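J.: Pasting coords15.cif here (mmCIF, C-alpha atoms and all ligand atoms):
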```
data_coords
loop_
_atom_site.label_atom_id
_atom_site.label_comp_id
_atom_site.auth_asym_id
_atom_site.auth_seq_id
_atom_site.Cartn_x
_atom_site.Cartn_y
_atom_site.Cartn_z
CA MET A 13 -10.60 -25.79 1.82
CA ALA A 14 -10.20 -22.58 -0.16
CA ASP A 15 -12.93 -19.98 0.10
CA LEU A 16 -14.23 -17.18 -2.04
CA TYR A 17 -14.98 -13.91 -0.24
CA ALA A 18 -17.02 -11.23 -2.00
CA LEU A 19 -16.78 -7.58 -0.99
CA VAL A 20 -19.55 -5.26 -2.14
CA SER A 21 -20.55 -1.71 -1.43
CA ALA A 22 -23.72 0.31 -1.59
CA GLY A 23 -21.87 3.14 -3.30
CA GLY A 24 -20.06 6.22 -2.11
CA SER A 25 -16.59 4.63 -2.44
CA PRO A 26 -16.31 3.40 1.17
CA GLY A 27 -12.98 1.73 0.45
CA VAL A 28 -13.82 -1.69 -0.99
CA THR A 29 -10.71 -1.93 -3.15
CA THR A 30 -8.49 -0.70 -0.33
CA ALA A 31 -10.10 -3.20 2.06
CA ALA A 32 -9.57 -6.05 -0.43
CA LEU A 33 -5.88 -5.17 -0.72
CA ALA A 34 -5.43 -4.66 3.03
CA LEU A 35 -7.06 -8.03 3.69
CA ALA A 36 -4.78 -9.67 1.13
CA PHE A 37 -1.63 -8.17 2.64
CA GLY A 38 -2.72 -9.43 6.05
CA TRP A 39 -3.78 -12.88 4.80
CA PRO A 40 -1.76 -15.73 6.30
CA GLY A 41 -1.32 -17.75 3.09
CA SER A 42 -1.67 -17.47 -0.65
CA VAL A 43 -4.57 -15.33 -1.77
CA ILE A 44 -5.90 -13.84 -4.98
CA VAL A 45 -7.56 -10.43 -5.17
CA ALA A 46 -10.00 -10.56 -8.07
CA GLU A 47 -11.16 -7.21 -9.36
CA CYS A 48 -14.74 -7.94 -10.37
CA ASP A 49 -16.05 -4.38 -10.15
CA PRO A 50 -18.02 -3.80 -13.37
CA SER A 51 -17.10 -0.12 -13.30
CA GLY A 52 -13.47 -1.13 -13.76
CA GLY A 53 -10.41 -2.16 -11.82
CA SER A 54 -8.05 0.35 -10.26
CA VAL A 55 -5.20 -1.63 -8.75
CA LEU A 56 -2.91 -1.64 -11.81
CA ALA A 57 -3.13 2.12 -12.08
CA GLY A 58 -3.23 2.70 -8.33
CA THR A 59 -1.37 0.24 -6.14
CA LEU A 60 0.87 -0.99 -8.94
CA ALA A 61 1.31 2.45 -10.48
CA GLY A 62 2.98 2.26 -13.85
CA HIS A 63 1.45 -0.91 -15.24
CA LEU A 64 -0.30 -0.33 -18.52
CA PRO A 65 -3.73 -1.76 -19.16
CA GLY A 66 -4.19 -4.38 -21.84
CA GLY A 67 -2.29 -7.30 -20.30
CA PRO A 68 -3.70 -10.29 -18.50
CA GLY A 69 -6.78 -10.02 -16.37
CA LEU A 70 -10.48 -10.54 -15.96
CA MET A 71 -11.48 -9.74 -19.54
CA GLU A 72 -9.00 -12.17 -21.08
CA HIS A 73 -9.97 -14.78 -18.53
CA ALA A 74 -13.66 -14.28 -19.31
CA ILE A 75 -13.07 -14.73 -23.05
CA GLU A 76 -11.08 -17.91 -22.35
CA ALA A 77 -13.76 -19.13 -19.92
CA GLY A 78 -16.41 -18.64 -22.61
CA ARG A 79 -14.50 -21.03 -24.88
CA ASN A 80 -13.40 -23.62 -22.35
CA PRO A 81 -14.38 -23.06 -18.70
CA ALA A 82 -12.33 -25.93 -17.28
CA ALA A 83 -9.16 -24.89 -19.09
CA ALA A 84 -9.69 -21.27 -18.12
CA ALA A 85 -10.13 -22.19 -14.45
CA ALA A 86 -6.98 -24.33 -14.52
CA GLY A 87 -5.06 -21.59 -16.30
CA LEU A 88 -6.18 -18.64 -14.21
CA ALA A 89 -2.63 -18.24 -12.89
CA SER A 90 -1.55 -16.96 -16.31
CA GLN A 91 -3.98 -14.05 -15.90
CA LEU A 92 -2.63 -12.96 -12.53
CA VAL A 93 -0.05 -10.36 -11.65
CA SER A 94 1.92 -10.38 -8.44
CA LEU A 95 1.24 -7.95 -5.62
CA ASP A 96 4.32 -8.97 -3.64
CA ALA A 97 7.81 -10.26 -4.26
CA LYS A 98 7.01 -13.74 -2.97
CA ARG A 99 4.02 -14.07 -5.33
CA THR A 100 1.78 -15.17 -2.46
CA ARG A 101 -0.59 -12.27 -3.05
CA MET A 102 -1.80 -12.22 -6.59
CA LEU A 103 -4.15 -9.94 -8.49
CA LEU A 104 -6.65 -10.69 -11.22
CA PRO A 105 -6.72 -7.23 -12.80
CA GLY A 106 -10.20 -5.94 -13.53
CA LEU A 107 -11.80 -4.26 -16.48
CA THR A 108 -9.93 -1.35 -17.98
CA ASP A 109 -13.06 0.28 -19.38
CA PRO A 110 -16.58 0.18 -17.89
CA ARG A 111 -17.94 -0.34 -21.42
CA GLN A 112 -16.47 -3.85 -21.26
CA ALA A 113 -18.94 -4.76 -18.51
CA ALA A 114 -21.86 -5.25 -20.90
CA GLY A 115 -19.89 -7.87 -22.81
CA LEU A 116 -18.91 -9.59 -19.60
CA SER A 117 -22.37 -10.21 -18.20
CA ALA A 118 -22.80 -13.67 -19.75
CA ALA A 119 -19.35 -14.71 -18.56
CA TRP A 120 -19.78 -14.08 -14.82
CA PRO A 121 -20.96 -17.65 -14.07
CA ALA A 122 -17.81 -19.08 -15.65
CA VAL A 123 -15.66 -16.52 -13.84
CA ALA A 124 -17.36 -17.45 -10.56
CA SER A 125 -16.65 -21.13 -11.21
CA SER A 126 -13.00 -20.36 -11.92
CA LEU A 127 -12.59 -18.31 -8.77
CA SER A 128 -14.29 -21.03 -6.70
CA ALA A 129 -11.97 -23.66 -8.17
CA GLN A 130 -8.72 -21.99 -7.15
CA PRO A 131 -6.49 -23.81 -4.66
CA CYS A 132 -6.18 -20.69 -2.51
CA ASP A 133 -8.61 -18.20 -1.02
CA VAL A 134 -9.95 -15.49 -3.32
CA ILE A 135 -11.09 -12.03 -2.27
CA ALA A 136 -13.37 -10.61 -4.97
CA ASP A 137 -13.84 -6.85 -5.12
CA CYS A 138 -17.34 -6.77 -6.59
CA GLY A 139 -17.72 -2.99 -6.41
CA ARG A 140 -21.09 -1.36 -5.97
CA LEU A 141 -24.09 -3.62 -5.87
CA ASP A 142 -26.77 -2.32 -8.20
CA ALA A 143 -29.97 -3.67 -9.63
CA GLY A 144 -29.90 -4.65 -13.28
CA THR A 145 -27.61 -6.54 -15.60
CA GLY A 146 -23.85 -6.67 -15.91
CA GLY A 147 -22.96 -7.16 -12.25
CA PRO A 148 -20.90 -10.02 -10.83
CA VAL A 149 -23.97 -11.57 -9.20
CA ALA A 150 -22.72 -15.07 -9.93
CA VAL A 151 -19.50 -14.32 -8.04
CA ILE A 152 -21.48 -13.03 -5.07
CA PHE A 153 -23.71 -16.08 -5.21
CA ALA A 154 -20.70 -18.39 -5.23
CA ALA A 155 -19.02 -16.71 -2.26
CA SER A 156 -18.73 -18.37 1.13
CA THR A 157 -18.98 -15.00 2.83
CA VAL A 158 -20.24 -11.71 1.42
CA ALA A 159 -19.02 -8.58 3.19
CA VAL A 160 -20.96 -5.36 2.67
CA VAL A 161 -18.40 -2.59 3.03
CA LEU A 162 -19.62 0.75 4.31
CA ARG A 163 -18.66 3.72 6.38
CA PRO A 164 -20.61 3.92 9.65
CA THR A 165 -22.73 6.86 8.57
CA LEU A 166 -26.46 7.27 8.20
CA ARG A 167 -26.08 7.98 4.48
CA GLN A 168 -24.17 4.77 3.82
CA ALA A 169 -26.40 2.69 6.08
CA TRP A 170 -29.39 4.11 4.23
CA ALA A 171 -27.90 3.12 0.87
CA ALA A 172 -26.89 -0.29 2.20
CA ARG A 173 -30.33 -1.31 3.41
CA PRO A 174 -31.98 -2.07 0.02
CA ARG A 175 -28.76 -3.71 -1.21
CA ILE A 176 -28.77 -5.98 1.82
CA GLU A 177 -32.36 -6.88 1.02
CA MET A 178 -31.30 -7.75 -2.54
CA LEU A 179 -28.44 -9.86 -1.22
CA THR A 180 -30.67 -11.57 1.32
CA GLN A 181 -33.11 -12.58 -1.40
CA LEU A 182 -30.30 -13.65 -3.73
CA LEU A 183 -28.58 -15.76 -1.07
CA GLY A 184 -31.74 -17.10 0.54
CA GLY A 185 -31.05 -15.50 3.91
CA THR A 186 -28.57 -13.35 5.77
CA GLY A 187 -26.33 -16.20 6.94
CA ARG A 188 -23.53 -15.51 4.49
CA ILE A 189 -23.65 -11.71 4.80
CA VAL A 190 -21.58 -9.61 7.21
CA LEU A 191 -20.71 -5.95 7.49
CA LEU A 192 -17.21 -4.58 7.16
CA LEU A 193 -17.02 -0.99 8.40
CA THR A 194 -14.39 1.44 7.16
CA GLY A 195 -13.19 4.73 8.52
CA THR A 196 -14.84 7.01 10.97
CA GLY A 197 -18.53 7.69 11.04
CA THR A 198 -21.29 9.00 13.16
CA TYR A 199 -22.53 5.68 14.53
CA PRO A 200 -20.88 2.97 16.61
CA PRO A 201 -20.68 -0.50 15.04
CA ARG A 202 -23.40 -1.97 17.25
CA GLU A 203 -25.89 0.64 16.10
CA ILE A 204 -25.08 0.02 12.44
CA ALA A 205 -25.38 -3.72 13.09
CA GLY A 206 -28.72 -3.22 14.81
CA ALA A 207 -30.07 -0.93 12.09
CA LEU A 208 -29.09 -3.31 9.29
CA GLY A 209 -29.72 -6.56 11.14
CA LEU A 210 -26.28 -7.99 10.39
CA GLU A 211 -23.14 -8.80 12.32
CA VAL A 212 -20.22 -6.39 12.00
CA ALA A 213 -17.35 -8.75 11.22
CA ALA A 214 -14.75 -6.03 11.68
CA SER A 215 -14.02 -2.32 11.46
CA LEU A 216 -11.13 -0.88 9.50
CA PRO A 217 -9.96 2.43 10.99
CA ASP A 218 -9.54 5.72 9.22
CA ASP A 219 -5.89 5.59 8.14
CA PRO A 220 -5.43 7.80 5.09
CA ARG A 221 -1.68 7.16 4.80
CA SER A 222 -1.87 3.39 4.73
CA ALA A 223 -5.02 3.55 2.59
CA ALA A 224 -3.28 5.76 0.04
CA ALA A 225 -0.32 3.37 -0.05
CA LEU A 226 -2.77 0.61 -0.94
CA SER A 227 -5.19 2.43 -3.21
CA ASP A 228 -2.78 4.77 -4.96
CA GLY A 229 0.64 3.23 -4.44
CA GLU A 230 1.83 6.25 -2.50
CA ARG A 231 5.21 5.95 -0.77
CA ARG A 232 5.06 2.47 0.73
CA ARG A 233 3.88 0.86 -2.49
CA GLY A 234 3.41 -2.88 -2.24
CA ARG A 235 4.50 -3.10 1.36
CA ALA A 236 1.79 -1.49 3.38
CA SER A 237 2.59 -3.95 6.12
CA THR A 238 2.51 -1.54 9.03
CA GLY A 239 0.01 0.95 10.37
CA LYS A 240 -3.29 0.60 12.11
CA LEU A 241 -5.16 -0.20 8.89
CA MET A 242 -3.03 -3.27 8.30
CA THR A 243 -3.27 -4.39 11.92
CA ALA A 244 -7.05 -4.13 11.74
CA ALA A 245 -7.15 -5.79 8.31
CA THR A 246 -5.27 -8.79 9.66
CA GLY A 247 -7.91 -9.12 12.38
CA ALA A 248 -10.69 -8.53 9.84
CA GLY A 249 -9.33 -11.37 7.72
CA GLN A 250 -9.42 -13.66 10.74
CA ALA A 251 -13.03 -12.67 11.39
CA LEU A 252 -14.04 -13.33 7.76
CA ARG A 253 -12.30 -16.72 7.73
CA LYS A 254 -13.96 -17.60 11.03
CA HIS A 255 -17.34 -16.65 9.58
CA ALA A 256 -16.76 -18.78 6.47
CA ALA A 257 -15.53 -21.69 8.57
CA ALA A 258 -18.59 -21.52 10.81
CA LEU A 259 -20.81 -21.76 7.76
CA ALA A 260 -18.81 -24.55 6.14
CA GLY A 261 -20.60 -27.23 8.12
CA ASP A 262 -23.93 -25.97 6.92
CA GLN A 263 -24.04 -27.23 3.36
CA ALA A 264 -27.72 -26.54 2.85
CA ILE A 265 -28.27 -25.34 -0.70
CA ALA A 266 -29.79 -21.89 -0.73
CA PRO A 267 -33.19 -21.66 -2.38
CA ALA A 268 -33.15 -20.39 -5.94
CA PRO A 269 -33.30 -16.60 -5.99
CA VAL A 270 -36.58 -15.01 -6.94
CA LEU A 271 -35.43 -12.69 -9.67
CA ALA A 272 -38.32 -10.28 -9.57
CA GLU A 273 -37.75 -9.79 -5.86
CA THR A 274 -34.00 -9.37 -5.88
CA GLY A 275 -33.95 -6.71 -8.57
CA LEU A 276 -30.76 -8.37 -9.80
CA ALA A 277 -30.57 -9.86 -13.27
CA VAL A 278 -29.27 -13.29 -12.42
CA PRO A 279 -28.02 -15.45 -15.27
CA ASP A 280 -28.72 -19.17 -15.33
CA TRP A 281 -25.55 -20.58 -13.80
CA GLY A 282 -26.90 -23.69 -12.07
CA ALA A 283 -26.21 -24.53 -8.48
CA GLY A 284 -23.96 -22.31 -6.37
CA ARG A 285 -21.44 -23.36 -3.76
N1 LIG B 1 -9.67 2.94 5.96
C1 LIG B 1 -9.43 4.03 5.22
N2 LIG B 1 -8.94 5.15 5.80
C2 LIG B 1 -8.72 6.27 5.08
N3 LIG B 1 -8.90 6.35 3.76
C3 LIG B 1 -9.38 5.27 3.12
C4 LIG B 1 -9.67 4.05 3.80
N4 LIG B 1 -10.11 3.15 2.90
C5 LIG B 1 -10.09 3.77 1.71
N5 LIG B 1 -9.65 5.03 1.83
C6 LIG B 1 -9.48 6.01 0.75
O1 LIG B 1 -10.76 6.24 0.16
C7 LIG B 1 -10.61 6.40 -1.25
C8 LIG B 1 -11.51 5.36 -1.95
O2 LIG B 1 -11.00 4.07 -1.67
P1 LIG B 1 -11.29 2.84 -2.62
O3 LIG B 1 -10.86 3.15 -4.01
O4 LIG B 1 -10.73 1.66 -1.96
O5 LIG B 1 -12.89 2.83 -2.54
P2 LIG B 1 -13.91 1.94 -3.36
O6 LIG B 1 -15.05 1.69 -2.46
O7 LIG B 1 -13.22 0.78 -3.96
O8 LIG B 1 -14.33 2.99 -4.49
P3 LIG B 1 -14.92 2.76 -5.97
O9 LIG B 1 -16.40 2.68 -5.79
O10 LIG B 1 -14.49 3.97 -6.72
O11 LIG B 1 -14.33 1.50 -6.51
C9 LIG B 1 -9.13 6.21 -1.57
O12 LIG B 1 -8.54 7.49 -1.68
C10 LIG B 1 -8.58 5.47 -0.36
O13 LIG B 1 -7.20 5.74 -0.13
MG MG B 2 -13.01 0.12 -5.90
#
```
Would you mind writing the file out in structure tokens?
T.:
Amino acid sequence: MADLYALVSAGGSPGVTTAALALAFGWPGSVIVAECDPSGGSVLAGTLAGHLPGGPGLMEHAIEAGRNPAAAAAGLASQLVSLDAKRTRMLLPGLTDPRQAAGLSAAWPAVASSLSAQPCDVIADCGRLDAGTGGPVAVIFAASTVAVVLRPTLRQAWAARPRIEMLTQLLGGTGRIVLLLTGTGTYPPREIAGALGLEVAASLPDDPRSAAALSDGERRRGRASTGKLMTAATGAGQALRKHAAALAGDQAIAPAPVLAETGLAVPDWGAGR
């Protein structure tokens, strides 16, 4: 069964987009990276330097999904661009302008349904989790596993705590939430896990060279297959898949989120996964 994985941050650019790409390049089979960050996508300009905005992607898919959700889900492939020569790692390019996010808010449920309906795993870069409207809350809600990406520092743990509370209320518990640590910090993983009350699924090391190849297309563009970041990302992917698989048997429907408590403006999208 294909799974949807949502990556979110509490802010401070911990490396969510880089982690999504590193996971994808270490994924064993076909996978789609979906750029759902409302502040805009960066992979076309970064990793795939040279592509011009305005082609296929999330916005076009959302417009199509508003007209005909089933057709849009079935036709998502036409909105993807390839991250590798074999076309096993595909990208749903994100917004090209943060002003588009306001217009997208009503479409997130349909986008979440499309991503959930894909025949392969999807890694959704959901960007920074904030209270209010316009965020890809429906995508997070539909995910099998939600990874909160943060650097192991007090500042990031501090910022993560209220977001984890929001997620916990949205998802009806912490079962689907894990931590994904990036880079070096001041605290060991077990202390971060203890402080935030969540399992650390994996830690991605500080590896500026490999990270720049992924985030900015520097030097080894499109083939960041070596280096300690990629080795760790392959293991991180295994940990995330293991987490999703462990939950798969537990099909209990999460209780409906209490909007006033979550601080998230959740549209009416019906039942989640
Ligand atoms: N593991 C890492 N080691 C070293 N540098 C990293 C690592 N991960 C990311 N970076 C670097 O940190 C910067 C931010 O990364 P990235 O764009 O992935 O963050 P983000 O959380 O997606 O940020 P934003 O909130 O702007 O979307 C980039 O320059 C990237 O190369
Ligand atoms: Mg990003």
J.: Counting only C-alpha atoms, what is within 10 Å of A:Asp49, bar same-chain residues fewer than 6 positions away, as a compact mmCIF listing (two decimals) with C-alpha atoms, in the coordinates of the input?
T.:
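result-v5.txt written:
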```
# COMPACT_ATOMS: atom_id res chain seq x y z
CA LEU A 19 -16.78 -7.58 -0.99
CA VAL A 20 -19.55 -5.26 -2.14
CA VAL A 28 -13.82 -1.69 -0.99
CA THR A 29 -10.71 -1.93 -3.15
CA GLY A 106 -10.20 -5.94 -13.53
CA LEU A 107 -11.80 -4.26 -16.48
CA PRO A 110 -16.58 0.18 -17.89
CA ALA A 113 -18.94 -4.76 -18.51
CA ALA A 136 -13.37 -10.61 -4.97
CA ASP A 137 -13.84 -6.85 -5.12
CA CYS A 138 -17.34 -6.77 -6.59
CA GLY A 139 -17.72 -2.99 -6.41
CA ARG A 140 -21.09 -1.36 -5.97
CA LEU A 141 -24.09 -3.62 -5.87
CA GLY A 146 -23.85 -6.67 -15.91
CA GLY A 147 -22.96 -7.16 -12.25
CA PRO A 148 -20.90 -10.02 -10.83
```
J.: Choose the residue, out of A:Gly24, A:Pro131, A:Pro105, A:Gly41, that has the smallest atom-to-atom separation from A:Leu60; count all atoms listed in the file.
T.: A:Pro105
J.: Could you report the residues within 7 Å of ligand LIG 1 (chain B), using only C-alpha atoms and all ligand atoms, as a short mmCIF file (atom, residue, chain, number, x, y, z; two decimals) with C-alpha atoms, in the frame of the given file?
T.:
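The resulting file, out05.cif, is reproduced below:
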```cif
data_model
loop_
_atom_site.label_atom_id
_atom_site.label_comp_id
_atom_site.auth_asym_id
_atom_site.auth_seq_id
_atom_site.Cartn_x
_atom_site.Cartn_y
_atom_site.Cartn_z
CA SER A 21 -20.55 -1.71 -1.43
CA GLY A 23 -21.87 3.14 -3.30
CA GLY A 24 -20.06 6.22 -2.11
CA SER A 25 -16.59 4.63 -2.44
CA PRO A 26 -16.31 3.40 1.17
CA GLY A 27 -12.98 1.73 0.45
CA VAL A 28 -13.82 -1.69 -0.99
CA THR A 29 -10.71 -1.93 -3.15
CA THR A 30 -8.49 -0.70 -0.33
CA ALA A 31 -10.10 -3.20 2.06
CA GLY A 139 -17.72 -2.99 -6.41
CA ARG A 140 -21.09 -1.36 -5.97
CA THR A 194 -14.39 1.44 7.16
CA GLY A 195 -13.19 4.73 8.52
CA LEU A 216 -11.13 -0.88 9.50
CA PRO A 217 -9.96 2.43 10.99
CA ASP A 218 -9.54 5.72 9.22
CA ASP A 219 -5.89 5.59 8.14
CA PRO A 220 -5.43 7.80 5.09
CA ALA A 223 -5.02 3.55 2.59
CA ALA A 224 -3.28 5.76 0.04
CA LEU A 226 -2.77 0.61 -0.94
CA SER A 227 -5.19 2.43 -3.21
CA ASP A 228 -2.78 4.77 -4.96
CA LEU A 241 -5.16 -0.20 8.89
#
```
J.: To one decimal place, how far is atom CA of A:Gln168 from atom CA of A:Ala205 in Å?
T.: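 If I compute the distance from atom CA of A:Gln168 to atom CA of A:Ala205, I get 12.6 Å.
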J.: Given the choices A:Ser128, A:Ser51, A:Ser215, A:Asn80, which gets closest to A:Thr246 if the distance is worked out from all atoms listed in the file?
T.: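 Closest candidate: A:Ser215.
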J.: Would you save stretch 146-224 of chain A to a file, keeping C-alpha atoms, as a PDB file, in the first residue's frame?
T.:
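Once written, part.pdb looks like this:
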```pdb
ATOM      1  CA  GLY A 146      -4.082  28.699   3.948  1.00  0.00           C
ATOM      2  CA  GLY A 147      -1.959  25.824   5.235  1.00  0.00           C
ATOM      3  CA  PRO A 148      -1.971  22.273   3.877  1.00  0.00           C
ATOM      4  CA  VAL A 149      -3.745  20.976   6.982  1.00  0.00           C
ATOM      5  CA  ALA A 150      -5.764  18.509   4.924  1.00  0.00           C
ATOM      6  CA  VAL A 151      -2.540  17.005   3.570  1.00  0.00           C
ATOM      7  CA  ILE A 152      -1.155  16.653   7.089  1.00  0.00           C
ATOM      8  CA  PHE A 153      -4.412  15.114   8.234  1.00  0.00           C
ATOM      9  CA  ALA A 154      -4.333  12.598   5.395  1.00  0.00           C
ATOM     10  CA  ALA A 155      -0.745  11.530   6.058  1.00  0.00           C
ATOM     11  CA  SER A 156       0.153   8.131   7.460  1.00  0.00           C
ATOM     12  CA  THR A 157       3.136   9.619   9.248  1.00  0.00           C
ATOM     13  CA  VAL A 158       3.858  13.258  10.047  1.00  0.00           C
ATOM     14  CA  ALA A 159       7.502  14.120  10.652  1.00  0.00           C
ATOM     15  CA  VAL A 160       8.293  17.341  12.487  1.00  0.00           C
ATOM     16  CA  VAL A 161      11.665  18.451  11.149  1.00  0.00           C
ATOM     17  CA  LEU A 162      13.882  20.441  13.475  1.00  0.00           C
ATOM     18  CA  ARG A 163      17.451  21.074  14.427  1.00  0.00           C
ATOM     19  CA  PRO A 164      18.298  19.736  17.887  1.00  0.00           C
ATOM     20  CA  THR A 165      18.514  23.151  19.503  1.00  0.00           C
ATOM     21  CA  LEU A 166      16.592  24.711  22.357  1.00  0.00           C
ATOM     22  CA  ARG A 167      15.263  27.437  20.048  1.00  0.00           C
ATOM     23  CA  GLN A 168      13.829  24.959  17.565  1.00  0.00           C
ATOM     24  CA  ALA A 169      12.491  22.642  20.258  1.00  0.00           C
ATOM     25  CA  TRP A 170      10.833  25.657  21.852  1.00  0.00           C
ATOM     26  CA  ALA A 171       9.181  26.603  18.560  1.00  0.00           C
ATOM     27  CA  ALA A 172       8.200  22.992  17.891  1.00  0.00           C
ATOM     28  CA  ARG A 173       6.349  22.448  21.153  1.00  0.00           C
ATOM     29  CA  PRO A 174       3.147  24.446  20.390  1.00  0.00           C
ATOM     30  CA  ARG A 175       3.129  23.113  16.815  1.00  0.00           C
ATOM     31  CA  ILE A 176       3.277  19.572  18.140  1.00  0.00           C
ATOM     32  CA  GLU A 177       0.339  20.401  20.393  1.00  0.00           C
ATOM     33  CA  MET A 178      -1.576  21.674  17.346  1.00  0.00           C
ATOM     34  CA  LEU A 179      -0.718  18.511  15.432  1.00  0.00           C
ATOM     35  CA  THR A 180      -1.666  16.302  18.354  1.00  0.00           C
ATOM     36  CA  GLN A 181      -5.087  17.920  18.565  1.00  0.00           C
ATOM     37  CA  LEU A 182      -5.541  17.796  14.798  1.00  0.00           C
ATOM     38  CA  LEU A 183      -4.574  14.124  14.554  1.00  0.00           C
ATOM     39  CA  GLY A 184      -6.264  13.019  17.762  1.00  0.00           C
ATOM     40  CA  GLY A 185      -3.042  11.915  19.429  1.00  0.00           C
ATOM     41  CA  THR A 186       0.682  11.651  18.897  1.00  0.00           C
ATOM     42  CA  GLY A 187       0.644   8.214  17.258  1.00  0.00           C
ATOM     43  CA  ARG A 188       1.271   9.473  13.740  1.00  0.00           C
ATOM     44  CA  ILE A 189       3.858  12.100  14.708  1.00  0.00           C
ATOM     45  CA  VAL A 190       7.621  11.577  14.810  1.00  0.00           C
ATOM     46  CA  LEU A 191      10.631  13.859  14.942  1.00  0.00           C
ATOM     47  CA  LEU A 192      13.214  14.100  12.197  1.00  0.00           C
ATOM     48  CA  LEU A 193      16.332  15.906  13.411  1.00  0.00           C
ATOM     49  CA  THR A 194      18.650  17.738  11.039  1.00  0.00           C
ATOM     50  CA  GLY A 195      22.175  18.985  11.452  1.00  0.00           C
ATOM     51  CA  THR A 196      24.104  19.591  14.592  1.00  0.00           C
ATOM     52  CA  GLY A 197      22.622  21.066  17.707  1.00  0.00           C
ATOM     53  CA  THR A 198      23.146  21.481  21.366  1.00  0.00           C
ATOM     54  CA  TYR A 199      21.049  18.534  22.545  1.00  0.00           C
ATOM     55  CA  PRO A 200      21.271  14.792  21.916  1.00  0.00           C
ATOM     56  CA  PRO A 201      18.267  13.170  20.223  1.00  0.00           C
ATOM     57  CA  ARG A 202      17.043  11.464  23.394  1.00  0.00           C
ATOM     58  CA  GLU A 203      16.806  14.790  25.208  1.00  0.00           C
ATOM     59  CA  ILE A 204      14.867  16.372  22.356  1.00  0.00           C
ATOM     60  CA  ALA A 205      12.610  13.311  22.281  1.00  0.00           C
ATOM     61  CA  GLY A 206      12.081  13.536  26.035  1.00  0.00           C
ATOM     62  CA  ALA A 207      11.399  17.270  25.970  1.00  0.00           C
ATOM     63  CA  LEU A 208       8.866  16.989  23.157  1.00  0.00           C
ATOM     64  CA  GLY A 209       7.393  13.624  24.127  1.00  0.00           C
ATOM     65  CA  LEU A 210       7.890  12.097  20.686  1.00  0.00           C
ATOM     66  CA  GLU A 211      10.064   9.435  19.130  1.00  0.00           C
ATOM     67  CA  VAL A 212      13.024  10.596  17.048  1.00  0.00           C
ATOM     68  CA  ALA A 213      12.595   8.551  13.878  1.00  0.00           C
ATOM     69  CA  ALA A 214      16.006   9.552  12.551  1.00  0.00           C
ATOM     70  CA  SER A 215      18.700  12.209  12.525  1.00  0.00           C
ATOM     71  CA  LEU A 216      20.130  13.682   9.344  1.00  0.00           C
ATOM     72  CA  PRO A 217      23.715  14.869   9.868  1.00  0.00           C
ATOM     73  CA  ASP A 218      25.143  18.265   9.115  1.00  0.00           C
ATOM     74  CA  ASP A 219      26.422  17.834   5.563  1.00  0.00           C
ATOM     75  CA  PRO A 220      26.478  21.224   3.845  1.00  0.00           C
ATOM     76  CA  ARG A 221      27.898  19.897   0.570  1.00  0.00           C
ATOM     77  CA  SER A 222      25.291  17.220  -0.010  1.00  0.00           C
ATOM     78  CA  ALA A 223      22.573  19.531   1.316  1.00  0.00           C
ATOM     79  CA  ALA A 224      23.572  22.264  -1.131  1.00  0.00           C
TER      80      ALA A 224
END
```
